[in-house]
Amino acid sequence: MEIDGKTGLIGLIGNPVEHTLSPVIHNGISERMGINSVYVPFKVEKEGLEDAVKGAYALNILGMNVTVPHKNQVMEYLEDIDEAAGHIGAVNTLVRMKSPDGKDATKAGYKGYNTDMLGLRRQIREDGISLKGKNTAILGAGGAAKAVVYMCLSEGAKTVYLLNRTVEKAEAVAKAMNAFYAKEAVIPMALQDYGKIDEKDLIVFQATSIGLAPDIDSAVLEAPAFYEKVSVGVDLIYNPADTKFMRLVTEHGGKAYNALKMLLYQGVIAYELWHDVKVPRDIVEDVYTDLKRKMYQKDNIVFIGFMGSGKTTVGKELAKRLKMNFLDTDSYIENRTGKSIPEIFAKEGEEAFRRLETEALQHLRDTVKNTVISTGGGMPLKRENAGLLKEIGRVYYLTAADSIIYERVKGDSDRPLLRGSNPYERIHELMKNRAPLYERAADIWVDTNCNDLEEVIARVKEDWAQFGNRTNEQL
Ligand code: ATR
């Protein structure tokens with residue numbers, strides 16, 4: 001993009017802003033539509049917020065997004081606030097005010113909108129979820145939950161059960177929203193009181209921060225009896241793509257969605273307000289592809305699986321072909337400690353070894369890039385490790401039937417696990433225990449029953465072409 005004297009400026013104010021994905025959306029649209037504007041994030045401290053809004057206006061900035069922690073406070077510095085945003089009590093988009101002839105109004109300032117709510121509404125409409133006359137539930141009663149309550153009521157939901165750890169907060173939100181709509185549709189309750197909800201086929205929105213990466217194995221409410229009432233679950237979290245809440249919904253037969261599209265649409269709607277244009281469908285789709293890639297792309301490839309599943313063989317060969325480094329976590333631990341794995345097991349015990357594994361993963365997370373990592377077979381046994389593995393890279397679970405694993409490893413006298421009298425039985429038993437843990441830790445499964453290295457490599461490469469932090473041309 002070429003910047004010249006006519007380039008319009010749009011941006012984001014918040015703190016922190018380092019990890020924002022919004023430039024992908026806005027600069028992606030500008031480039032594709034040939035619109036001469038550029039989106040820049042600005043880190044703004046609380047004390048500087050008023051100056052930032054005034055300064056933005058003075059600098060002729062077309063519009064701004066506002067994020068944490070300024071979404072409420074910024075309302076004090078605006079000339080006008082959209083009705084919905086006012087009732088939600090949060091603004092995430094500032095639009096430069098204009099007079100009907102296109103010139104700035106005498107009221108010099110910005111009007112605030114809540115495009116988070118509008119984005120979520122567009123996402124659920126597009127996914128074919130209708131709230132009209134339906135029973136809904138929201139987990140959480142913070143700022144995000146408030147926007148969802150508003151959206152549910154404006155879409156004609158019959159009831160909104162508002163479940164929160166701190167019931168007083170849910171009560172306050174319910175009171176304000178019920179007063180606004182002059183009905184008693186919002187019913188506040190404590191999380192643990194979900195049993196009082198009689199309805200089935202609930203549409204549920206997860207609006208707490210529980211489950212956000214790296215804490216990927218938690219949900220704010222885990223009781224199966226709750227999920228039996230749920231037909232659709234929408235998690236406002238989009239990192240990871242598949243949250244524990246979403247897994248609980250699908251395990252009980254419901255449909256689950258994350259909110260990456262909400263992120264996309266809140267941006268598209270803001271862009272449309274700023275530039276007074278309609279972003280065409282195909283461009284929205286292309287920007288969504290960019291967003292997914294940016295969000296979920298990984299620096300490293302991680303293999304997990306049982307002994308004999310091919311982690312080392314596949315890993316080394318793949319590293320060679322993709323010109324990536326190769327690393328084996330067992331060797332890595334041996335190098336770091338100066339002790340062999342059997343020595344660590346014998347002298348310090350399994351618990352100490354598992355601790356070393358976690359430390360190794362923490363270190364790898366902060367240091368490695370462009371690396372194929374083969375992990376010890378017991379690595380995903382610890383809950384914490386599963387989250388760390390996903391932070392390090394895209395996690396491939398190499399699977400194979402017990403009998404095939406047995407054939408591959410039976411002649412290998414180095415494997416302590418197979419020294420007993422009935423190694424096949426032992427493999428079967430271990431696999432039964434470990435399979436659910438591998439499944440939990442994996443991003444994707446790769447079947448290796450074919451015993452064909454080329455085929456396995458081809459499958460991993462195909463997936464990595466989408467998620468790898470490199471261009472397709474390099475693959
Ligand atoms: P946001 O503006 O993103 O919604 P928030 O206002 O801080 O963030 O709200 C966070 C929500 O997550 C709240 O509903 C909070 O519950 P409380 O009101 O009881 O604090 C919920 N939340 C955060 N941590 C939680 C936890 N460990 N267990 C249960 N709920 C939690």
# chains A, B, ... in the order shown; residues from 1 in each chain; ligands from 1
$ select_by_dssp --residues "region 18-167 of chain A" --states "strand (DSSP E or B)" --output "ChimeraX atom specification"
/A:37-43,63-66,80-81,93-96,98,104,110-113,135-139,159-164
$ select_by_dssp --residues "region 115-279 of chain A" --states "alpha helix (DSSP H)" --output "MDAnalysis selection string"
chainID A and resid 115:126 143:154 167:181 224:227 244:251 260:275
$ write_last_selection --atoms "C-alpha atoms" --output "PDB file, in the first residue's frame"
ATOM      1  CA  THR A 115     -20.035  -3.234  16.770  1.00  0.00           C
ATOM      2  CA  ASP A 116     -19.143  -6.231  19.000  1.00  0.00           C
ATOM      3  CA  MET A 117     -22.867  -6.719  19.534  1.00  0.00           C
ATOM      4  CA  LEU A 118     -23.651  -6.033  15.878  1.00  0.00           C
ATOM      5  CA  GLY A 119     -20.886  -8.459  14.825  1.00  0.00           C
ATOM      6  CA  LEU A 120     -22.231 -11.236  17.014  1.00  0.00           C
ATOM      7  CA  ARG A 121     -25.717 -10.634  15.644  1.00  0.00           C
ATOM      8  CA  ARG A 122     -24.449 -10.886  12.086  1.00  0.00           C
ATOM      9  CA  GLN A 123     -22.533 -14.090  12.926  1.00  0.00           C
ATOM     10  CA  ILE A 124     -25.514 -15.904  14.424  1.00  0.00           C
ATOM     11  CA  ARG A 125     -27.880 -14.753  11.686  1.00  0.00           C
ATOM     12  CA  GLU A 126     -25.442 -16.054   9.136  1.00  0.00           C
ATOM     13  CA  GLY A 143     -18.967  -6.304  29.697  1.00  0.00           C
ATOM     14  CA  ALA A 144     -19.092  -8.927  26.952  1.00  0.00           C
ATOM     15  CA  ALA A 145     -22.141 -10.621  28.508  1.00  0.00           C
ATOM     16  CA  LYS A 146     -24.037  -7.328  28.597  1.00  0.00           C
ATOM     17  CA  ALA A 147     -23.707  -6.937  24.830  1.00  0.00           C
ATOM     18  CA  VAL A 148     -25.034 -10.491  24.421  1.00  0.00           C
ATOM     19  CA  VAL A 149     -28.031  -9.837  26.706  1.00  0.00           C
ATOM     20  CA  TYR A 150     -28.884  -6.789  24.605  1.00  0.00           C
ATOM     21  CA  MET A 151     -28.507  -8.768  21.393  1.00  0.00           C
ATOM     22  CA  CYS A 152     -30.721 -11.623  22.652  1.00  0.00           C
ATOM     23  CA  LEU A 153     -33.483  -9.230  23.699  1.00  0.00           C
ATOM     24  CA  SER A 154     -33.295  -7.182  20.506  1.00  0.00           C
ATOM     25  CA  VAL A 167     -24.882 -13.408  41.335  1.00  0.00           C
ATOM     26  CA  GLU A 168     -25.122  -9.732  42.363  1.00  0.00           C
ATOM     27  CA  LYS A 169     -23.499  -8.723  39.089  1.00  0.00           C
ATOM     28  CA  ALA A 170     -26.002 -10.783  37.117  1.00  0.00           C
ATOM     29  CA  GLU A 171     -28.821  -9.191  39.110  1.00  0.00           C
ATOM     30  CA  ALA A 172     -27.623  -5.681  38.332  1.00  0.00           C
ATOM     31  CA  VAL A 173     -27.359  -6.395  34.597  1.00  0.00           C
ATOM     32  CA  ALA A 174     -30.775  -8.090  34.559  1.00  0.00           C
ATOM     33  CA  LYS A 175     -32.404  -5.175  36.362  1.00  0.00           C
ATOM     34  CA  ALA A 176     -31.060  -2.612  33.911  1.00  0.00           C
ATOM     35  CA  MET A 177     -31.928  -4.641  30.806  1.00  0.00           C
ATOM     36  CA  ASN A 178     -35.402  -5.621  32.033  1.00  0.00           C
ATOM     37  CA  ALA A 179     -36.121  -1.965  32.786  1.00  0.00           C
ATOM     38  CA  PHE A 180     -35.039  -0.963  29.287  1.00  0.00           C
ATOM     39  CA  TYR A 181     -37.226  -3.553  27.579  1.00  0.00           C
ATOM     40  CA  PRO A 224     -23.054 -32.641  32.110  1.00  0.00           C
ATOM     41  CA  ALA A 225     -26.589 -32.006  33.406  1.00  0.00           C
ATOM     42  CA  PHE A 226     -26.336 -28.433  32.129  1.00  0.00           C
ATOM     43  CA  TYR A 227     -25.109 -29.413  28.673  1.00  0.00           C
ATOM     44  CA  LYS A 244     -13.677 -26.880  26.310  1.00  0.00           C
ATOM     45  CA  PHE A 245     -17.153 -25.273  26.413  1.00  0.00           C
ATOM     46  CA  MET A 246     -17.614 -26.080  22.722  1.00  0.00           C
ATOM     47  CA  ARG A 247     -16.464 -29.670  23.255  1.00  0.00           C
ATOM     48  CA  LEU A 248     -18.956 -30.096  26.108  1.00  0.00           C
ATOM     49  CA  VAL A 249     -21.758 -28.778  23.875  1.00  0.00           C
ATOM     50  CA  THR A 250     -20.937 -31.147  21.007  1.00  0.00           C
ATOM     51  CA  GLU A 251     -20.380 -34.139  23.313  1.00  0.00           C
ATOM     52  CA  LEU A 260     -13.964 -15.635  15.143  1.00  0.00           C
ATOM     53  CA  LYS A 261     -16.720 -14.489  12.789  1.00  0.00           C
ATOM     54  CA  MET A 262     -17.904 -12.024  15.419  1.00  0.00           C
ATOM     55  CA  LEU A 263     -14.391 -10.576  15.409  1.00  0.00           C
ATOM     56  CA  LEU A 264     -14.489 -10.402  11.621  1.00  0.00           C
ATOM     57  CA  TYR A 265     -17.906  -8.755  11.440  1.00  0.00           C
ATOM     58  CA  GLN A 266     -17.359  -6.239  14.225  1.00  0.00           C
ATOM     59  CA  GLY A 267     -14.420  -5.071  12.104  1.00  0.00           C
ATOM     60  CA  VAL A 268     -16.303  -5.106   8.804  1.00  0.00           C
ATOM     61  CA  ILE A 269     -19.200  -3.144  10.322  1.00  0.00           C
ATOM     62  CA  ALA A 270     -16.793  -0.568  11.794  1.00  0.00           C
ATOM     63  CA  TYR A 271     -15.043  -0.286   8.437  1.00  0.00           C
ATOM     64  CA  GLU A 272     -18.381   0.307   6.699  1.00  0.00           C
ATOM     65  CA  LEU A 273     -19.309   3.021   9.192  1.00  0.00           C
ATOM     66  CA  TRP A 274     -15.978   4.777   8.760  1.00  0.00           C
ATOM     67  CA  HIS A 275     -15.822   4.714   4.976  1.00  0.00           C
TER      68      HIS A 275
END
$ closest_residue --among "A:Tyr396, A:Ala435, A:Pro214, A:Asp282" --to "Arg365 (chain A)" --atoms "only C-alpha atoms"
A:Pro214
$ closest_atom_pairs --of "region 376-470 of chain A" --to "region 288-304 of chain A" --cutoff "12 Å" --atoms "only C-alpha atoms" --output "tab-separated table"
residue	atom	partner	partner_atom	distance
A:Gly376	CA	A:Ile304	CA	7.5
A:Gly377	CA	A:Ile304	CA	6.8
A:Gly378	CA	A:Ile304	CA	8.9
A:Met379	CA	A:Ile304	CA	7.7
A:Pro380	CA	A:Ile304	CA	7.8
A:Leu381	CA	A:Ile304	CA	11.0
A:Asn385	CA	A:Ile304	CA	11.4
A:Ala386	CA	A:Ile304	CA	10.1
A:Leu388	CA	A:Val302	CA	10.9
A:Leu389	CA	A:Val302	CA	7.2
A:Lys390	CA	A:Val302	CA	8.3
A:Glu391	CA	A:Lys298	CA	8.2
A:Ile392	CA	A:Asn300	CA	6.4
A:Gly393	CA	A:Asn300	CA	4.3
A:Arg394	CA	A:Ile301	CA	5.2
A:Val395	CA	A:Val302	CA	4.7
A:Tyr396	CA	A:Phe303	CA	5.0
A:Tyr397	CA	A:Ile304	CA	4.9
A:Leu398	CA	A:Ile304	CA	6.4
A:Thr399	CA	A:Ile304	CA	9.0
A:Arg434	CA	A:Ile304	CA	11.1
A:Ala435	CA	A:Ile304	CA	10.7
A:Leu437	CA	A:Ile304	CA	10.3
A:Tyr438	CA	A:Ile304	CA	7.0
A:Glu439	CA	A:Ile304	CA	9.6
A:Arg440	CA	A:Ile304	CA	11.1
A:Ala441	CA	A:Ile304	CA	8.4
A:Ala442	CA	A:Ile304	CA	7.7
A:Asp443	CA	A:Val302	CA	9.8
A:Ile444	CA	A:Phe303	CA	10.1
A:Trp445	CA	A:Ile304	CA	9.6
A:Val446	CA	A:Phe303	CA	9.9
A:Ile457	CA	A:Phe303	CA	11.9
A:Val460	CA	A:Ile301	CA	9.2
A:Lys461	CA	A:Ile301	CA	10.2
A:Asp463	CA	A:Ile301	CA	10.7
A:Trp464	CA	A:Ile301	CA	8.1
A:Ala465	CA	A:Gln297	CA	9.7
A:Gln466	CA	A:Arg293	CA	6.9
A:Phe467	CA	A:Gln297	CA	4.4
A:Gly468	CA	A:Lys298	CA	5.3
A:Asn469	CA	A:Asp299	CA	5.3
A:Arg470	CA	A:Asp299	CA	8.3
$ closest_atom_pairs --of "chain A" --to "ligand 1" --cutoff "7 Å" --atoms "only C-alpha atoms and all ligand atoms" --output "tab-separated table"
residue	atom	partner	partner_atom_place_in_ligand_line	distance
A:Leu139	CA	ligand 1	14 (O)	6.9
A:Gly140	CA	ligand 1	14 (O)	3.3
A:Ala141	CA	ligand 1	14 (O)	4.0
A:Gly142	CA	ligand 1	6 (O)	3.2
A:Gly143	CA	ligand 1	2 (O)	3.5
A:Ala144	CA	ligand 1	4 (O)	3.8
A:Ala145	CA	ligand 1	4 (O)	5.6
A:Asn164	CA	ligand 1	14 (O)	5.5
A:Arg165	CA	ligand 1	19 (O)	3.8
A:Thr166	CA	ligand 1	19 (O)	3.7
A:Lys169	CA	ligand 1	18 (O)	5.8
A:Ala207	CA	ligand 1	4 (O)	6.1
A:Thr208	CA	ligand 1	12 (O)	3.5
A:Ser209	CA	ligand 1	12 (O)	5.1
A:Ile210	CA	ligand 1	24 (N)	6.1
A:Val220	CA	ligand 1	29 (C)	5.4
$ closest_residue --among "A:Asp201, A:Glu45, A:Asp242, A:Asp217" --to "Gly254 (chain A)" --atoms "only C-alpha atoms"
A:Asp201
$ decode --residues "region 363-393 of chain A" --atoms "N, CA and C atoms" --output "short mmCIF file (atom, residue, chain, number, x, y, z; two decimals), in the first residue's frame"
data_model
loop_
_atom_site.label_atom_id
_atom_site.label_comp_id
_atom_site.auth_asym_id
_atom_site.auth_seq_id
_atom_site.Cartn_x
_atom_site.Cartn_y
_atom_site.Cartn_z
N HIS A 363 10.30 -23.94 28.12
CA HIS A 363 11.49 -23.36 27.50
C HIS A 363 11.37 -23.36 25.98
N LEU A 364 10.87 -24.47 25.45
CA LEU A 364 10.72 -24.56 23.98
C LEU A 364 9.72 -23.52 23.47
N ARG A 365 8.64 -23.34 24.24
CA ARG A 365 7.63 -22.37 23.82
C ARG A 365 8.24 -20.99 23.61
N ASP A 366 9.18 -20.64 24.48
CA ASP A 366 9.75 -19.30 24.39
C ASP A 366 10.93 -19.20 23.43
N THR A 367 11.42 -20.33 22.93
CA THR A 367 12.66 -20.25 22.16
C THR A 367 12.61 -20.81 20.75
N VAL A 368 11.82 -21.87 20.48
CA VAL A 368 11.97 -22.50 19.16
C VAL A 368 11.02 -21.96 18.11
N LYS A 369 11.53 -21.98 16.89
CA LYS A 369 10.74 -21.61 15.71
C LYS A 369 11.17 -22.54 14.58
N ASN A 370 10.33 -22.72 13.60
CA ASN A 370 10.69 -23.50 12.41
C ASN A 370 11.26 -24.88 12.76
N THR A 371 10.63 -25.54 13.71
CA THR A 371 11.16 -26.82 14.19
C THR A 371 10.07 -27.89 14.22
N VAL A 372 10.49 -29.12 13.85
CA VAL A 372 9.61 -30.28 14.01
C VAL A 372 10.00 -30.94 15.33
N ILE A 373 9.03 -31.13 16.21
CA ILE A 373 9.33 -31.65 17.54
C ILE A 373 8.66 -32.99 17.75
N SER A 374 9.46 -33.98 18.09
CA SER A 374 8.91 -35.29 18.43
C SER A 374 8.91 -35.40 19.95
N THR A 375 7.78 -35.81 20.53
CA THR A 375 7.68 -35.80 22.00
C THR A 375 7.70 -37.20 22.59
N GLY A 376 8.05 -37.30 23.86
CA GLY A 376 8.00 -38.58 24.57
C GLY A 376 6.56 -39.06 24.63
N GLY A 377 6.37 -40.38 24.64
CA GLY A 377 5.02 -40.95 24.59
C GLY A 377 4.13 -40.54 25.75
N GLY A 378 4.74 -40.18 26.90
CA GLY A 378 3.93 -39.84 28.07
C GLY A 378 3.69 -38.34 28.21
N MET A 379 4.17 -37.58 27.25
CA MET A 379 4.11 -36.11 27.36
C MET A 379 2.71 -35.57 27.65
N PRO A 380 1.66 -36.03 26.95
CA PRO A 380 0.34 -35.42 27.21
C PRO A 380 -0.34 -35.93 28.48
N LEU A 381 0.35 -36.74 29.28
CA LEU A 381 -0.29 -37.27 30.49
C LEU A 381 -0.64 -36.15 31.46
N LYS A 382 0.22 -35.13 31.51
CA LYS A 382 -0.05 -34.01 32.39
C LYS A 382 -0.93 -33.00 31.66
N ARG A 383 -2.01 -32.58 32.30
CA ARG A 383 -2.96 -31.63 31.71
C ARG A 383 -2.25 -30.38 31.18
N GLU A 384 -1.37 -29.86 32.03
CA GLU A 384 -0.67 -28.62 31.71
C GLU A 384 0.11 -28.75 30.40
N ASN A 385 0.68 -29.95 30.19
CA ASN A 385 1.49 -30.13 28.99
C ASN A 385 0.67 -30.02 27.71
N ALA A 386 -0.57 -30.47 27.77
CA ALA A 386 -1.41 -30.43 26.57
C ALA A 386 -1.55 -28.99 26.08
N GLY A 387 -1.77 -28.05 27.01
CA GLY A 387 -1.89 -26.63 26.64
C GLY A 387 -0.58 -26.10 26.09
N LEU A 388 0.51 -26.48 26.73
CA LEU A 388 1.83 -26.00 26.28
C LEU A 388 2.15 -26.49 24.87
N LEU A 389 1.82 -27.75 24.60
CA LEU A 389 2.11 -28.31 23.27
C LEU A 389 1.42 -27.48 22.19
N LYS A 390 0.16 -27.12 22.45
CA LYS A 390 -0.57 -26.33 21.44
C LYS A 390 -0.01 -24.92 21.29
N GLU A 391 0.56 -24.40 22.37
CA GLU A 391 1.18 -23.08 22.24
C GLU A 391 2.45 -23.15 21.40
N ILE A 392 3.15 -24.28 21.51
CA ILE A 392 4.41 -24.42 20.79
C ILE A 392 4.18 -24.59 19.29
N GLY A 393 3.18 -25.38 18.93
CA GLY A 393 2.99 -25.62 17.51
C GLY A 393 1.69 -26.31 17.20
#
